[in-house]
$ cat upload_1.txt   # compact mmCIF, C-alpha atoms
# COMPACT_ATOMS: atom_id res chain seq x y z
CA MET A 1 16.17 26.11 11.00
CA PRO A 2 13.02 24.96 12.90
CA LEU A 3 13.42 21.99 15.23
CA ASP A 4 11.31 19.60 13.11
CA LYS A 5 13.30 20.43 9.97
CA ARG A 6 16.60 19.94 11.81
CA ARG A 7 15.38 16.58 13.12
CA ARG A 8 14.30 15.45 9.63
CA ALA A 9 17.63 16.59 8.19
CA ARG A 10 19.55 14.56 10.83
CA GLN A 11 17.38 11.51 10.12
CA SER A 12 17.98 11.86 6.38
CA VAL A 13 21.75 12.01 6.89
CA SER A 14 21.61 9.09 9.34
CA MET A 15 19.57 6.91 6.96
CA LYS A 16 21.86 7.79 4.03
CA THR A 17 24.92 6.86 6.10
CA ILE A 18 23.41 3.51 7.10
CA LYS A 19 22.67 2.59 3.48
CA GLN A 20 26.10 3.72 2.28
CA ASN A 21 27.84 1.62 4.93
CA ARG A 22 25.88 -1.57 4.27
CA ASP A 23 27.72 -4.43 2.63
CA THR A 24 25.61 -5.89 -0.18
CA LEU A 25 25.75 -9.42 -1.55
CA LEU A 26 23.90 -10.62 -4.64
CA LEU A 27 22.95 -14.32 -4.53
CA ARG A 28 21.90 -15.41 -8.01
CA LEU A 29 19.96 -18.61 -7.41
CA VAL A 30 20.60 -20.16 -10.83
CA LYS A 31 24.34 -20.01 -10.11
CA TYR A 32 23.84 -22.47 -7.24
CA ILE A 33 21.12 -24.53 -8.96
CA GLY A 34 23.01 -24.92 -12.22
CA ARG A 35 19.93 -24.68 -14.43
CA SER A 36 16.76 -22.65 -14.93
CA GLU A 37 14.43 -25.03 -13.07
CA ALA A 38 14.48 -26.17 -9.44
CA TRP A 39 12.40 -28.96 -7.95
CA GLY A 40 12.24 -30.85 -4.69
CA THR A 41 13.61 -30.95 -1.18
CA ASP A 42 16.90 -32.69 -2.07
CA LEU A 43 17.99 -29.97 -4.48
CA GLY A 44 16.72 -27.35 -2.04
CA ALA A 45 18.85 -28.82 0.75
CA ARG A 46 21.95 -28.85 -1.48
CA VAL A 47 21.44 -25.22 -2.48
CA PHE A 48 20.81 -24.29 1.16
CA SER A 49 24.19 -25.81 2.06
CA GLN A 50 25.93 -23.71 -0.61
CA LEU A 51 24.12 -20.53 0.45
CA ASN A 52 24.95 -21.19 4.09
CA THR A 53 28.66 -21.50 3.25
CA GLU A 54 28.45 -18.20 1.36
CA LEU A 55 26.68 -16.37 4.18
CA ILE A 56 28.12 -17.75 7.40
CA SER A 57 31.12 -15.41 7.46
CA ARG A 58 29.31 -12.29 6.24
CA SER A 59 29.29 -9.32 8.59
CA GLU A 60 26.19 -8.38 10.55
CA GLY A 61 23.90 -6.01 8.68
CA THR A 62 24.89 -7.23 5.20
CA LEU A 63 22.06 -6.77 2.71
CA VAL A 64 21.58 -10.04 0.83
CA LEU A 65 19.71 -9.76 -2.47
CA ILE A 66 18.19 -13.11 -3.43
CA ASP A 67 18.18 -12.83 -7.20
CA TYR A 68 15.58 -14.85 -9.15
CA ASP A 69 16.86 -13.72 -12.53
CA GLY A 70 17.08 -16.69 -14.90
CA LEU A 71 14.99 -19.03 -12.73
CA GLU A 72 11.99 -20.04 -14.80
CA ARG A 73 10.23 -22.64 -12.63
CA SER A 74 10.45 -24.14 -9.15
CA ASP A 75 8.16 -25.78 -6.65
CA VAL A 76 7.23 -24.98 -3.06
CA SER A 77 9.51 -27.69 -1.68
CA PHE A 78 12.63 -26.24 -3.28
CA GLN A 79 11.77 -22.71 -2.20
CA ARG A 80 11.13 -23.87 1.36
CA GLU A 81 14.36 -25.83 1.74
CA ALA A 82 16.67 -23.47 -0.16
CA VAL A 83 15.36 -19.95 0.40
CA VAL A 84 13.17 -20.01 3.50
CA GLU A 85 15.58 -22.12 5.53
CA THR A 86 18.37 -19.71 4.58
CA LEU A 87 16.31 -16.84 5.99
CA ARG A 88 15.62 -18.76 9.19
CA LYS A 89 19.30 -19.60 9.62
CA HIS A 90 20.74 -16.12 9.15
CA ARG A 91 18.12 -13.60 10.28
CA PRO A 92 18.09 -11.14 11.94
CA ARG A 93 21.91 -10.96 11.64
CA LEU A 94 21.64 -10.51 7.86
CA LEU A 95 19.05 -8.55 5.86
CA PHE A 96 17.25 -10.21 2.94
CA VAL A 97 15.35 -8.85 -0.05
CA ALA A 98 14.17 -10.86 -3.08
CA VAL A 99 14.75 -9.21 -6.47
CA ASN A 100 13.84 -10.01 -10.08
CA LEU A 101 10.89 -12.03 -8.86
CA GLU A 102 8.35 -11.04 -11.50
CA ASP A 103 7.02 -14.48 -12.48
CA PRO A 104 3.65 -14.99 -10.72
CA ASP A 105 4.11 -18.76 -10.27
CA LEU A 106 7.54 -18.36 -8.66
CA LEU A 107 6.15 -15.63 -6.43
CA THR A 108 3.16 -17.76 -5.38
CA ASN A 109 5.33 -20.79 -4.56
CA LEU A 110 7.74 -18.69 -2.53
CA GLU A 111 4.86 -17.13 -0.63
CA LEU A 112 3.40 -20.57 0.13
CA ALA A 113 6.80 -21.77 1.35
CA LEU A 114 7.11 -18.73 3.63
CA GLU A 115 3.59 -19.23 5.00
CA LYS A 116 4.33 -22.87 5.82
CA ARG A 117 7.29 -21.79 7.96
CA GLY A 118 5.57 -18.70 9.40
CA GLU A 119 8.10 -16.36 7.79
CA PHE A 120 8.13 -13.05 5.91
CA LEU A 121 10.26 -11.67 3.09
CA LEU A 122 10.61 -8.29 1.41
CA VAL A 123 10.30 -8.34 -2.39
CA ARG A 124 11.58 -5.46 -4.49
CA ARG A 125 9.66 -5.20 -7.75
CA GLY A 126 11.06 -3.92 -11.04
CA ASN A 127 9.39 -0.54 -10.54
CA GLY A 128 11.13 -0.11 -7.18
CA GLU A 129 8.04 -0.92 -5.12
CA VAL A 130 8.67 -3.06 -2.05
CA ARG A 131 6.11 -5.42 -0.56
CA VAL A 132 5.97 -8.02 2.20
CA ILE A 133 5.07 -11.59 1.30
CA GLY A 134 4.57 -14.70 3.42
CA LYS A 135 2.78 -14.94 6.72
CA ARG A 136 0.05 -12.34 7.31
CA LEU A 137 1.48 -9.38 9.21
CA PRO A 138 -0.66 -8.28 12.20
CA GLU A 139 -2.33 -4.94 11.50
CA GLU A 140 -0.53 -3.04 14.26
CA GLN A 141 2.86 -4.32 13.05
CA LYS A 142 1.91 -3.41 9.48
CA ARG A 143 1.18 0.16 10.56
CA THR A 144 4.48 0.32 12.44
CA LEU A 145 6.38 -0.98 9.40
CA GLU A 146 4.70 1.61 7.17
CA THR A 147 5.77 4.31 9.65
CA VAL A 148 9.38 3.13 9.48
CA TRP A 149 9.23 2.99 5.66
CA LYS A 150 7.81 6.51 5.46
CA ALA A 151 10.33 8.05 7.87
CA GLY A 152 13.26 5.84 6.87
CA GLU A 153 14.02 5.17 10.53
CA ALA A 154 12.34 5.19 13.94
CA THR A 155 12.78 4.56 17.64
CA SER A 156 10.15 3.36 20.08
CA ALA A 157 10.14 6.83 21.68
CA GLN A 158 9.39 8.44 18.32
CA LEU A 159 6.54 6.02 17.64
CA VAL A 160 4.95 6.80 21.00
CA LYS A 161 4.92 10.51 20.16
CA THR A 162 2.98 9.86 16.95
CA ALA A 163 0.48 7.39 18.46
CA PRO A 164 -2.31 8.61 20.73
CA ARG A 165 -2.13 6.87 24.10
CA GLY A 166 0.84 4.88 22.85
CA LYS A 167 3.00 2.96 25.31
CA LEU A 168 6.78 2.78 25.07
CA SER A 169 6.81 -0.94 25.83
CA THR A 170 4.24 -1.65 23.11
CA ALA A 171 6.12 0.37 20.51
CA ALA A 172 9.38 -1.35 21.46
CA SER A 173 7.73 -4.78 21.18
CA ARG A 174 6.39 -4.06 17.70
CA LEU A 175 9.73 -2.82 16.44
CA MET A 176 11.47 -5.82 17.97
CA ALA A 177 9.00 -8.17 16.26
CA LEU A 178 9.61 -6.52 12.89
CA TRP A 179 13.38 -6.80 13.40
CA ARG A 180 13.18 -10.48 14.31
CA ALA A 181 10.98 -11.05 11.25
CA GLY A 182 13.69 -9.54 9.04
CA LEU A 183 11.60 -6.57 7.92
CA VAL A 184 13.68 -3.77 9.46
CA GLU A 185 17.30 -3.27 10.47
CA ARG A 186 18.26 -2.53 14.08
CA VAL A 187 21.27 -0.45 15.08
CA GLU A 188 22.27 0.28 18.67
CA GLY A 189 22.86 3.91 19.54
CA THR A 190 22.62 6.45 22.34
CA ALA A 191 19.42 8.14 23.46
CA PRO A 192 19.28 11.90 24.18
CA SER A 193 19.22 10.97 27.87
CA GLY A 194 22.57 9.21 27.46
CA GLY A 195 21.21 5.68 27.76
CA ARG A 196 21.21 2.93 25.17
CA GLU A 197 18.66 3.21 22.37
CA HIS A 198 17.92 1.03 19.37
CA ARG A 199 17.13 2.70 16.06
CA TYR A 200 15.23 0.78 13.41
CA TYR A 201 15.80 1.40 9.72
CA SER A 202 14.03 0.64 6.48
CA ILE A 203 15.90 -2.12 4.66
CA SER A 204 14.99 -1.45 1.05
$ encode --input "upload_1.txt" --output "structure tokens"
Amino acid sequence: MPLDKRRRARQSVSMKTIKQNRDTLLLRLVKYIGRSEAWGTDLGARVFSQLNTELISRSEGTLVLIDYDGLERSDVSFQREAVVETLRKHRPRLLFVAVNLEDPDLLTNLELALEKRGEFLLVRRGNGEVRVIGKRLPEEQKRTLETVWKAGEATSAQLVKTAPRGKLSTAASRLMALWRAGLVERVEGTAPSGGREHRYYSIS
């Protein structure tokens, strides 16, 4: 088998293993709210407290699906205090993706709440498409994220090979920024040279 095909095959197995080994937790917001509408900072703070209790003991790398199913209306204040503050508290230790977020008003209010806190969130649509909402992602980080999504995983050394005049430190910084923003998963491994190497994986 040619070298490139062997490398792709190893990456495919590695990515499959990572996804199979991830713990997954579904957080259905209406369960914590108690109704189909959510308004204000006080309710948001109470839901945040419940979510925090649920998440604090979860193992690193757990994929947390924030489920909007059944939530019909909410304002920016609730989304900021309940959802965005939960992200800020538990990332990058935990991985977050919003699901069943099809209502345009809910989506807009969540995006405004994320922007106010300078945060990002992955949203998985009903058709399987994944997009980033919240703060505007710098163009170079957006390209790096798209590279990780396309390959399923990447290291800074791999990114340098695909970028003309790329620098290892720059590639490492971009991947680190995406990890801290909660947009990729980071797993420590061993480089071909025998040293420590971080691999970054697509979350959704």
$ atom_distance --input "upload_1.txt" --atom1 "CA of Gly182 (chain A)" --atom2 "CA of Leu122 (chain A)"
8.3 Å
$ atom_distance --input "upload_1.txt" --atom1 "CA of Phe120 (chain A)" --atom2 "CA of Ile56 (chain A)"
20.6 Å
$ atom_distance --input "upload_1.txt" --atom1 "CA of His90 (chain A)" --atom2 "CA of Leu178 (chain A)"
15.2 Å
$ residues_around --input "upload_1.txt" --residues "Leu106 (chain A)" --least-positions-apart "3" --cutoff "10 Å" --atoms "all atoms listed in the file" --output "ChimeraX atom specification"
/A:68,71-76,79,101-103,109-112
$ write_last_selection --input "upload_1.txt" --atoms "C-alpha atoms" --output "PDB file, keeping the file's coordinate frame"
ATOM      1  CA  TYR A  68      15.580 -14.850  -9.150  1.00  0.00           C
ATOM      2  CA  LEU A  71      14.990 -19.030 -12.730  1.00  0.00           C
ATOM      3  CA  GLU A  72      11.990 -20.040 -14.800  1.00  0.00           C
ATOM      4  CA  ARG A  73      10.230 -22.640 -12.630  1.00  0.00           C
ATOM      5  CA  SER A  74      10.450 -24.140  -9.150  1.00  0.00           C
ATOM      6  CA  ASP A  75       8.160 -25.780  -6.650  1.00  0.00           C
ATOM      7  CA  VAL A  76       7.230 -24.980  -3.060  1.00  0.00           C
ATOM      8  CA  GLN A  79      11.770 -22.710  -2.200  1.00  0.00           C
ATOM      9  CA  LEU A 101      10.890 -12.030  -8.860  1.00  0.00           C
ATOM     10  CA  GLU A 102       8.350 -11.040 -11.500  1.00  0.00           C
ATOM     11  CA  ASP A 103       7.020 -14.480 -12.480  1.00  0.00           C
ATOM     12  CA  ASN A 109       5.330 -20.790  -4.560  1.00  0.00           C
ATOM     13  CA  LEU A 110       7.740 -18.690  -2.530  1.00  0.00           C
ATOM     14  CA  GLU A 111       4.860 -17.130  -0.630  1.00  0.00           C
ATOM     15  CA  LEU A 112       3.400 -20.570   0.130  1.00  0.00           C
TER      16      LEU A 112
END
$ residues_around --input "upload_1.txt" --residues "Lys31 (chain A)" --least-positions-apart "4" --cutoff "10 Å" --atoms "all atoms listed in the file" --output "list in words"
Leu27, Arg35, Ser36, Val47, Asp67, Gly70 and Leu71 of chain A
$ write_last_selection --input "upload_1.txt" --atoms "C-alpha atoms" --output "mmCIF file, keeping the file's coordinate frame"
data_model
loop_
_atom_site.group_PDB
_atom_site.id
_atom_site.type_symbol
_atom_site.label_atom_id
_atom_site.label_comp_id
_atom_site.auth_asym_id
_atom_site.auth_seq_id
_atom_site.Cartn_x
_atom_site.Cartn_y
_atom_site.Cartn_z
ATOM 1 C CA LEU A 27 22.950 -14.320 -4.530
ATOM 2 C CA ARG A 35 19.930 -24.680 -14.430
ATOM 3 C CA SER A 36 16.760 -22.650 -14.930
ATOM 4 C CA VAL A 47 21.440 -25.220 -2.480
ATOM 5 C CA ASP A 67 18.180 -12.830 -7.200
ATOM 6 C CA GLY A 70 17.080 -16.690 -14.900
ATOM 7 C CA LEU A 71 14.990 -19.030 -12.730
#
$ closest_residue --input "upload_1.txt" --among "A:Glu139, A:Lys161, A:Arg180, A:Leu51" --to "Arg28 (chain A)" --atoms "only C-alpha atoms"
A:Leu51
$ residues_around --input "upload_1.txt" --residues "Glu115 (chain A)" --least-positions-apart "3" --cutoff "6 Å" --atoms "all atoms listed in the file" --output "ChimeraX atom specification"
/A:112,118,134-135
$ residues_around --input "upload_1.txt" --residues "Asn127 (chain A)" --least-positions-apart "3" --cutoff "12 Å" --atoms "only C-alpha atoms" --output "MDAnalysis selection string"
chainID A and resid 99:102 123:124 130:131
$ closest_residue --input "upload_1.txt" --among "A:Leu114, A:Ala157, A:Val83, A:Leu145" --to "Gln50 (chain A)" --atoms "all atoms listed in the file"
A:Val83
$ closest_residue --input "upload_1.txt" --among "A:Thr41, A:Thr147, A:Ser49, A:Ser173" --to "Phe78 (chain A)" --atoms "only C-alpha atoms"
A:Thr41
$ closest_residue --input "upload_1.txt" --among "A:Ala38, A:Leu26, A:Leu121, A:Val84" --to "Thr62 (chain A)" --atoms "only C-alpha atoms"
A:Leu26
$ closest_residue --input "upload_1.txt" --among "A:Thr86, A:Ser77, A:Asn21, A:Thr155" --to "Ser169 (chain A)" --atoms "all atoms listed in the file"
A:Thr155
$ residues_around --input "upload_1.txt" --residues "Gly61 (chain A)" --least-positions-apart "2" --cutoff "7 Å" --atoms "only C-alpha atoms" --output "VMD selection string"
chain A and resid 22 59 63 93 to 95
$ residues_near_point --input "upload_1.txt" --point "(20.5, -8.3, -3.0)" --cutoff "6 Å" --atoms "all atoms listed in the file" --output "number ranges by chain"
A: 25-26, 64-66, 97
